[in-house]
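Structure file final.cif (mmCIF, C-alpha atoms) is printed below.
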data_entry
loop_
_atom_site.label_atom_id
_atom_site.label_comp_id
_atom_site.auth_asym_id
_atom_site.auth_seq_id
_atom_site.Cartn_x
_atom_site.Cartn_y
_atom_site.Cartn_z
CA MET I 13 -8.69 55.81 22.37
CA THR I 14 -5.71 58.17 22.13
CA GLN I 15 -5.54 57.75 18.34
CA PHE I 16 -9.29 58.39 18.04
CA ALA I 17 -9.06 61.50 20.24
CA GLY I 18 -6.22 62.76 18.07
CA LEU I 19 -8.27 62.27 14.89
CA VAL I 20 -11.28 64.10 16.34
CA ALA I 21 -9.14 66.93 17.70
CA GLY I 22 -7.53 67.47 14.30
CA ALA I 23 -10.72 67.15 12.22
CA ARG I 24 -12.39 70.12 10.51
CA MET I 25 -16.03 69.42 11.31
CA GLY I 26 -17.48 72.93 11.13
CA PRO I 27 -20.50 73.30 13.43
CA VAL I 28 -19.62 70.06 15.25
CA THR I 29 -16.14 71.37 16.06
CA GLN I 30 -17.59 74.69 17.29
CA ALA I 31 -20.09 72.82 19.49
CA ILE I 32 -17.30 70.73 21.03
CA ILE I 33 -15.24 73.85 21.75
CA ARG I 34 -18.19 75.70 23.30
CA ARG I 35 -19.00 72.76 25.54
CA PHE I 36 -15.35 72.45 26.58
CA VAL I 37 -15.11 76.19 27.38
CA ALA I 38 -18.28 76.05 29.46
CA HIS I 39 -17.39 72.84 31.29
CA TYR I 40 -13.83 73.83 32.22
CA LYS I 41 -14.55 77.57 32.59
CA VAL I 42 -11.84 78.55 30.11
CA ASP I 43 -11.12 82.29 30.17
CA MET I 44 -11.25 83.15 26.47
CA ALA I 45 -10.58 86.82 27.23
CA GLU I 46 -6.91 85.83 27.64
CA ALA I 47 -6.71 84.35 24.13
CA ALA I 48 -5.20 86.25 21.21
CA ASP I 49 -8.34 85.24 19.28
CA CYS I 50 -11.34 84.95 21.61
CA GLY I 51 -13.84 84.05 18.87
CA ILE I 52 -14.69 80.35 19.10
CA ALA I 53 -15.91 80.27 15.50
CA SER I 54 -12.43 81.24 14.27
CA TYR I 55 -10.90 77.90 15.31
CA ALA I 56 -11.12 75.35 12.48
CA THR I 57 -10.17 72.37 14.68
CA PHE I 58 -10.22 71.55 18.35
CA ASN I 59 -6.41 71.41 18.24
CA ASP I 60 -6.31 74.98 16.96
CA PHE I 61 -8.39 76.03 19.97
CA PHE I 62 -6.53 73.87 22.47
CA THR I 63 -3.13 75.26 21.46
CA ARG I 64 -4.45 78.82 21.16
CA ALA I 65 -2.03 81.69 21.63
CA LEU I 66 -2.44 84.18 24.47
CA ARG I 67 -3.02 87.84 23.81
CA GLU I 68 0.07 90.00 24.09
CA GLY I 69 0.78 90.97 27.70
CA ALA I 70 -1.43 88.24 29.23
CA ARG I 71 1.60 86.55 30.82
CA PRO I 72 4.37 89.04 31.65
CA VAL I 73 7.75 87.41 32.19
CA ALA I 74 9.23 88.15 35.62
CA ALA I 75 12.76 89.51 36.00
CA ALA I 76 13.71 86.42 38.06
CA PRO I 77 16.52 84.18 36.74
CA PHE I 78 14.07 81.25 36.43
CA VAL I 79 10.38 81.58 35.53
CA CYS I 80 7.51 79.13 35.40
CA PRO I 81 7.29 77.66 31.86
CA VAL I 82 3.55 76.88 31.85
CA ASP I 83 0.11 77.52 33.32
CA ALA I 84 -0.28 74.53 35.64
CA ALA I 85 -0.58 73.20 39.16
CA ILE I 86 2.58 72.21 41.01
CA SER I 87 2.61 68.44 41.40
CA GLN I 88 5.93 68.18 43.24
CA PHE I 89 9.24 70.03 43.34
CA GLY I 90 12.44 70.05 45.34
CA PRO I 91 15.81 68.32 45.60
CA ILE I 92 16.77 65.22 43.63
CA GLU I 93 18.02 62.69 46.19
CA GLN I 94 21.15 61.33 44.48
CA ASP I 95 19.27 60.24 41.32
CA GLN I 96 15.77 59.80 42.74
CA ILE I 97 12.89 62.15 41.89
CA PHE I 98 9.93 62.26 44.28
CA GLN I 99 6.62 61.47 42.56
CA ALA I 100 4.16 61.08 45.43
CA LYS I 101 4.09 59.49 48.88
CA GLY I 102 5.69 56.07 48.53
CA HIS I 103 6.79 56.59 44.91
CA SER I 104 10.03 57.85 43.38
CA TYR I 105 11.78 57.21 40.07
CA SER I 106 15.28 57.69 38.70
CA THR I 107 16.51 60.49 36.48
CA ARG I 108 18.08 57.81 34.26
CA ALA I 109 14.69 56.22 33.63
CA LEU I 110 13.08 59.60 33.00
CA VAL I 111 15.56 60.66 30.31
CA GLY I 112 15.35 57.32 28.51
CA GLY I 113 18.31 55.44 29.97
CA ASP I 114 21.18 57.88 29.29
CA GLN I 115 23.25 57.56 32.46
CA SER I 116 25.75 60.27 31.52
CA LEU I 117 22.95 62.80 31.01
CA ALA I 118 21.13 61.72 34.17
CA HIS I 119 24.34 61.94 36.23
CA ARG I 120 24.55 65.68 35.51
CA PHE I 121 21.49 66.16 37.72
CA ASP I 122 22.54 64.08 40.73
CA HIS I 123 21.60 66.03 43.89
CA GLY I 124 20.05 68.73 41.70
CA HIS I 125 16.50 70.04 41.69
CA PHE I 126 13.29 69.15 39.84
CA ALA I 127 9.81 70.53 39.30
CA THR I 128 6.80 68.55 38.07
CA LEU I 129 3.97 70.70 36.71
CA TYR I 130 0.52 69.31 35.82
CA LEU I 131 -1.46 71.00 33.03
CA ALA I 132 -5.22 70.63 33.50
CA PRO I 133 -7.56 70.69 30.47
CA LYS I 134 -8.49 74.35 31.09
CA ASP I 135 -4.87 75.53 31.07
CA TYR I 136 -2.93 77.26 28.30
CA HIS I 137 -1.05 74.41 26.60
CA ARG I 138 1.99 76.01 25.09
CA ILE I 139 5.29 75.45 26.89
CA HIS I 140 7.90 78.18 27.28
CA MET I 141 11.49 78.41 28.44
CA PRO I 142 12.20 78.87 32.17
CA CYS I 143 15.53 80.50 31.28
CA GLU I 144 17.62 81.08 28.18
CA GLY I 145 18.93 77.85 26.72
CA ARG I 146 20.85 76.46 23.74
CA LEU I 147 19.28 73.27 22.43
CA LYS I 148 21.65 70.29 22.42
CA ARG I 149 19.49 67.22 21.92
CA MET I 150 15.94 65.88 21.77
CA ILE I 151 14.96 62.29 22.58
CA TYR I 152 11.59 60.66 21.94
CA VAL I 153 11.00 57.87 24.47
CA PRO I 154 8.08 55.52 23.73
CA GLY I 155 6.00 54.35 26.65
CA ASP I 156 2.62 53.93 28.27
CA LEU I 157 -0.20 56.45 28.16
CA PHE I 158 -1.46 56.47 31.73
CA SER I 159 -3.41 59.48 32.90
CA VAL I 160 -1.12 61.91 34.73
CA ASN I 161 -3.66 63.52 37.05
CA PRO I 162 -2.80 63.75 40.78
CA LEU I 163 -4.78 60.62 41.67
CA THR I 164 -2.86 58.50 39.16
CA ALA I 165 0.45 59.97 40.30
CA ARG I 166 -0.30 58.74 43.82
CA HIS I 167 -1.00 55.18 42.70
CA VAL I 168 1.07 54.29 39.59
CA PRO I 169 4.74 53.62 40.43
CA SER I 170 7.30 55.46 38.24
CA LEU I 171 4.44 57.01 36.26
CA PHE I 172 6.44 59.77 34.57
CA ALA I 173 9.31 57.44 33.70
CA ARG I 174 6.89 54.92 32.14
CA ASN I 175 4.74 57.19 30.00
CA GLU I 176 5.66 58.30 26.48
CA ARG I 177 7.76 61.47 26.62
CA VAL I 178 9.94 63.94 24.74
CA VAL I 179 13.20 64.83 26.52
CA CYS I 180 14.77 68.17 25.55
CA GLU I 181 18.34 68.88 26.68
CA PHE I 182 19.57 72.47 26.89
CA GLU I 183 22.76 74.21 27.94
CA CYS I 184 21.93 77.35 29.92
CA PRO I 185 23.93 80.19 31.48
CA HIS I 186 23.90 78.32 34.81
CA GLY I 187 24.56 74.84 33.42
CA PRO I 188 22.52 72.03 31.85
CA MET I 189 18.74 71.82 31.97
CA VAL I 190 16.34 69.12 30.86
CA LEU I 191 12.72 69.87 30.01
CA VAL I 192 10.52 66.79 29.61
CA LEU I 193 7.11 66.74 27.92
CA VAL I 194 5.21 63.76 29.32
CA GLY I 195 2.44 62.16 27.26
CA ALA I 196 -0.78 60.78 28.72
CA THR I 197 -4.15 59.26 27.88
CA ILE I 198 -5.72 61.00 24.84
CA VAL I 199 -2.72 63.30 24.37
CA GLY I 200 -2.85 63.40 20.58
CA SER I 201 0.72 64.59 20.09
CA MET I 202 3.60 66.67 21.38
CA ALA I 203 5.43 69.26 19.31
CA THR I 204 8.46 71.55 19.56
CA VAL I 205 9.07 74.84 17.76
CA TRP I 206 12.28 73.59 16.11
CA HIS I 207 10.93 70.21 14.94
CA GLY I 208 7.16 70.40 14.71
CA VAL I 209 5.07 67.37 15.71
CA VAL I 210 7.29 64.72 17.31
CA ASN I 211 4.62 62.06 17.76
CA PRO I 212 2.95 60.53 15.90
CA PRO I 213 4.62 58.49 14.61
CA ARG I 214 4.72 56.40 17.77
CA THR I 215 7.69 54.08 17.41
CA ARG I 216 8.68 51.15 19.58
CA ALA I 217 12.28 52.29 19.81
CA PRO I 218 13.53 55.66 21.07
CA ARG I 219 14.47 58.30 18.49
CA GLU I 220 17.13 60.95 18.96
CA TRP I 221 18.01 64.25 17.29
CA ASN I 222 21.36 65.94 17.92
CA TYR I 223 21.55 69.72 17.54
CA ALA I 224 25.15 70.26 18.66
CA ASP I 225 26.07 71.62 15.22
CA ARG I 226 23.14 74.06 15.10
CA ASP I 227 22.80 77.35 16.92
CA ILE I 228 19.25 77.01 18.31
CA VAL I 229 18.99 79.41 21.25
CA LEU I 230 15.67 80.17 22.94
CA ALA I 231 15.22 83.16 25.22
CA LYS I 232 13.68 83.03 28.69
CA GLY I 233 9.92 83.03 28.23
CA ALA I 234 10.08 82.02 24.54
CA GLU I 235 7.76 79.26 23.33
CA MET I 236 9.50 75.90 22.99
CA GLY I 237 6.66 73.44 22.43
CA ARG I 238 3.06 72.46 22.97
CA PHE I 239 0.72 69.63 23.88
CA LEU I 240 -2.21 68.71 21.66
CA LEU I 241 -4.38 67.73 24.63
CA GLY I 242 -2.76 68.14 27.97
CA SER I 243 -0.26 66.52 30.25
CA THR I 244 2.78 67.23 32.46
CA VAL I 245 6.11 69.06 32.21
CA ILE I 246 9.15 68.06 34.28
CA LEU I 247 12.20 70.31 34.72
CA LEU I 248 15.63 69.14 35.87
CA PHE I 249 18.39 71.45 37.11
CA PRO I 250 21.88 70.49 38.38
CA GLN I 251 23.19 70.81 41.91
CA ASN I 252 23.89 74.26 43.36
CA VAL I 253 22.04 76.21 40.66
CA LEU I 254 18.47 76.98 41.69
CA THR I 255 16.50 77.67 44.82
CA PHE I 256 12.71 77.80 44.43
CA THR I 257 10.72 80.85 45.44
CA PRO I 258 9.30 80.61 49.00
CA ASP I 259 5.65 80.70 47.90
CA TRP I 260 5.90 77.54 45.81
CA ALA I 261 4.05 74.55 47.30
CA PRO I 262 2.51 71.29 46.01
CA THR I 263 -0.99 71.73 44.47
CA ARG I 264 -0.48 75.51 44.15
CA PRO I 265 -1.62 76.90 40.79
CA VAL I 266 1.13 78.68 38.87
CA ARG I 267 1.16 80.77 35.71
CA LEU I 268 3.55 81.12 32.84
CA GLY I 269 6.15 83.81 33.43
CA GLU I 270 5.88 84.10 37.20
CA ALA I 271 9.07 83.87 39.25
CA MET I 272 10.04 80.23 39.88
CA GLY I 273 13.47 80.48 41.42
CA THR I 274 16.68 82.37 41.98
CA VAL I 275 20.31 81.44 41.48
CA ILE I 276 22.01 79.87 44.48
CA GLU I 277 24.71 82.21 45.73
CA THR I 278 27.93 80.24 45.97
CA GLU I 279 30.26 80.71 48.88
CA GLY I 280 32.56 83.66 48.40
CA ALA I 281 30.36 85.39 45.82
CA LEU I 282 30.14 89.15 46.10
#
Take the structure I supplied and represent it as structure tokens, if you would.
Amino acid sequence: MTQFAGLVAGARMGPVTQAIIRRFVAHYKVDMAEAADCGIASYATFNDFFTRALREGARPVAAAPFVCPVDAAISQFGPIEQDQIFQAKGHSYSTRALVGGDQSLAHRFDHGHFATLYLAPKDYHRIHMPCEGRLKRMIYVPGDLFSVNPLTARHVPSLFARNERVVCEFECPHGPMVLVLVGATIVGSMATVWHGVVNPPRTRAPREWNYADRDIVLAKGAEMGRFLLGSTVILLFPQNVLTFTPDWAPTRPVRLGEAMGTVIETEGAL
């Protein structure tokens, strides 16, 4: 089903494609006035429409040290308990499982903080940087393709550590950060700005790219990737780095560029 959805989303079917887009816009009440190109007929494929750019100024980037990287709804956020990330009542999963089994990477986020952000079909589906970061590594982790909607998150144990995902490791001014793109049912592919489409191909074994010898630095608010059909983004921050803004709460809708958090003031700081 996911492969078929990907084929349809990437097909140039003229009037059929335009009809699909119009029906999608009407059903999900997509605000096309925010798009850089608001004319439905200008999109050759559904993917072109789904990954549409926003018009300039539609999402101003806050002056906060950490900003929201996507338009989404907050699924969960908060402290990482040792190495356990809260998914939903009765369900947690380990950072090691999430990042594909790399214990040394996972250990950097023990007692840190996480945010899980769910992108609904109507949302803008490009992903941006929550802070400036230098790319160190990208890992493709094969997995299941469960739906990632809130109902599924409440009932499928370790959902986000079981689904297919792309793990992006950055070094930032305040320490390491991991940004995970989680795949889901009918998510045709995931892409990054430095690599292009990561999947397909869908391999049985993980794949890894090391960028330590390249100077790939992305500014706060810069685009870093996109979903072709939607899913979830998970952010990991180390201990004693970030405190979330007081108005953040589970299920709250958030928008790209709004303030997400501030830097924790360490003892003795001026």
* For the structure provided, state which residues fall under the PyMOL selection byres ((chain I and resi 161) around 9), and present them as an MDAnalysis selection string. => chainID I and resid 130:132 159:160 162:166 243:244
* Within 8 Å of Phe98 in chain I using all atoms listed in the file, minus same-chain residues under 5 positions, as a ChimeraX atom specification -> /I:88-89,92,103-105
* Distance in Å - CA of Met150 in chain I versus CA of Ile97 in chain I -> 20.7 Å
* For Val179 in chain I, the nearest of the candidates I:Gly69, I:Gly112, I:Gly237, I:Gly269, counting all atoms listed in the file ->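 Answer, going by the shortest atom-to-atom distance: I:Gly112.
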* To do: Have a look at I:Asp122, I:Asp60, I:Asp225, I:Glu183 and name the one nearest to His137 in chain I; count only C-alpha atoms.
  =>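 Checking each of I:Asp122, I:Asp60, I:Asp225, I:Glu183 against His137 in chain I, counting only C-alpha atoms, the winner is I:Asp60.
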* Selection result for the PyMOL selection byres ((chain I and resi 63) around 8) on this file, as a ChimeraX atom specification -> /I:59-62,64-65,136-138,238-240
Hits of the PyMOL selection byres ((chain I and resi 194) around 10) in this structure, as a CSV table (one decimal) with C-alpha atoms, in the frame of the given file:
chain,number,residue,atom,x,y,z
I,110,LEU,CA,13.1,59.6,33.0
I,130,TYR,CA,0.5,69.3,35.8
I,153,VAL,CA,11.0,57.9,24.5
I,155,GLY,CA,6.0,54.4,26.6
I,157,LEU,CA,-0.2,56.4,28.2
I,160,VAL,CA,-1.1,61.9,34.7
I,171,LEU,CA,4.4,57.0,36.3
I,172,PHE,CA,6.4,59.8,34.6
I,173,ALA,CA,9.3,57.4,33.7
I,174,ARG,CA,6.9,54.9,32.1
I,175,ASN,CA,4.7,57.2,30.0
I,176,GLU,CA,5.7,58.3,26.5
I,177,ARG,CA,7.8,61.5,26.6
I,178,VAL,CA,9.9,63.9,24.7
I,179,VAL,CA,13.2,64.8,26.5
I,191,LEU,CA,12.7,69.9,30.0
I,192,VAL,CA,10.5,66.8,29.6
I,193,LEU,CA,7.1,66.7,27.9
I,195,GLY,CA,2.4,62.2,27.3
I,196,ALA,CA,-0.8,60.8,28.7
I,199,VAL,CA,-2.7,63.3,24.4
I,202,MET,CA,3.6,66.7,21.4
I,239,PHE,CA,0.7,69.6,23.9
I,242,GLY,CA,-2.8,68.1,28.0
I,243,SER,CA,-0.3,66.5,30.2
I,244,THR,CA,2.8,67.2,32.5
I,245,VAL,CA,6.1,69.1,32.2
I,246,ILE,CA,9.2,68.1,34.3
* Asked: What is the distance, in Å and to one decimal place, between CA of Phe182 in chain I and CA of Leu129 in chain I?
  ->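 Computed distance, CA of Phe182 in chain I to CA of Leu129 in chain I, equals 18.5 Å.
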* Computed interatomic separation between CA of Pro213 in chain I and CA of Ser54 in chain I (Å) ->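 We find that CA of Pro213 in chain I and CA of Ser54 in chain I lie 28.4 Å from each other.
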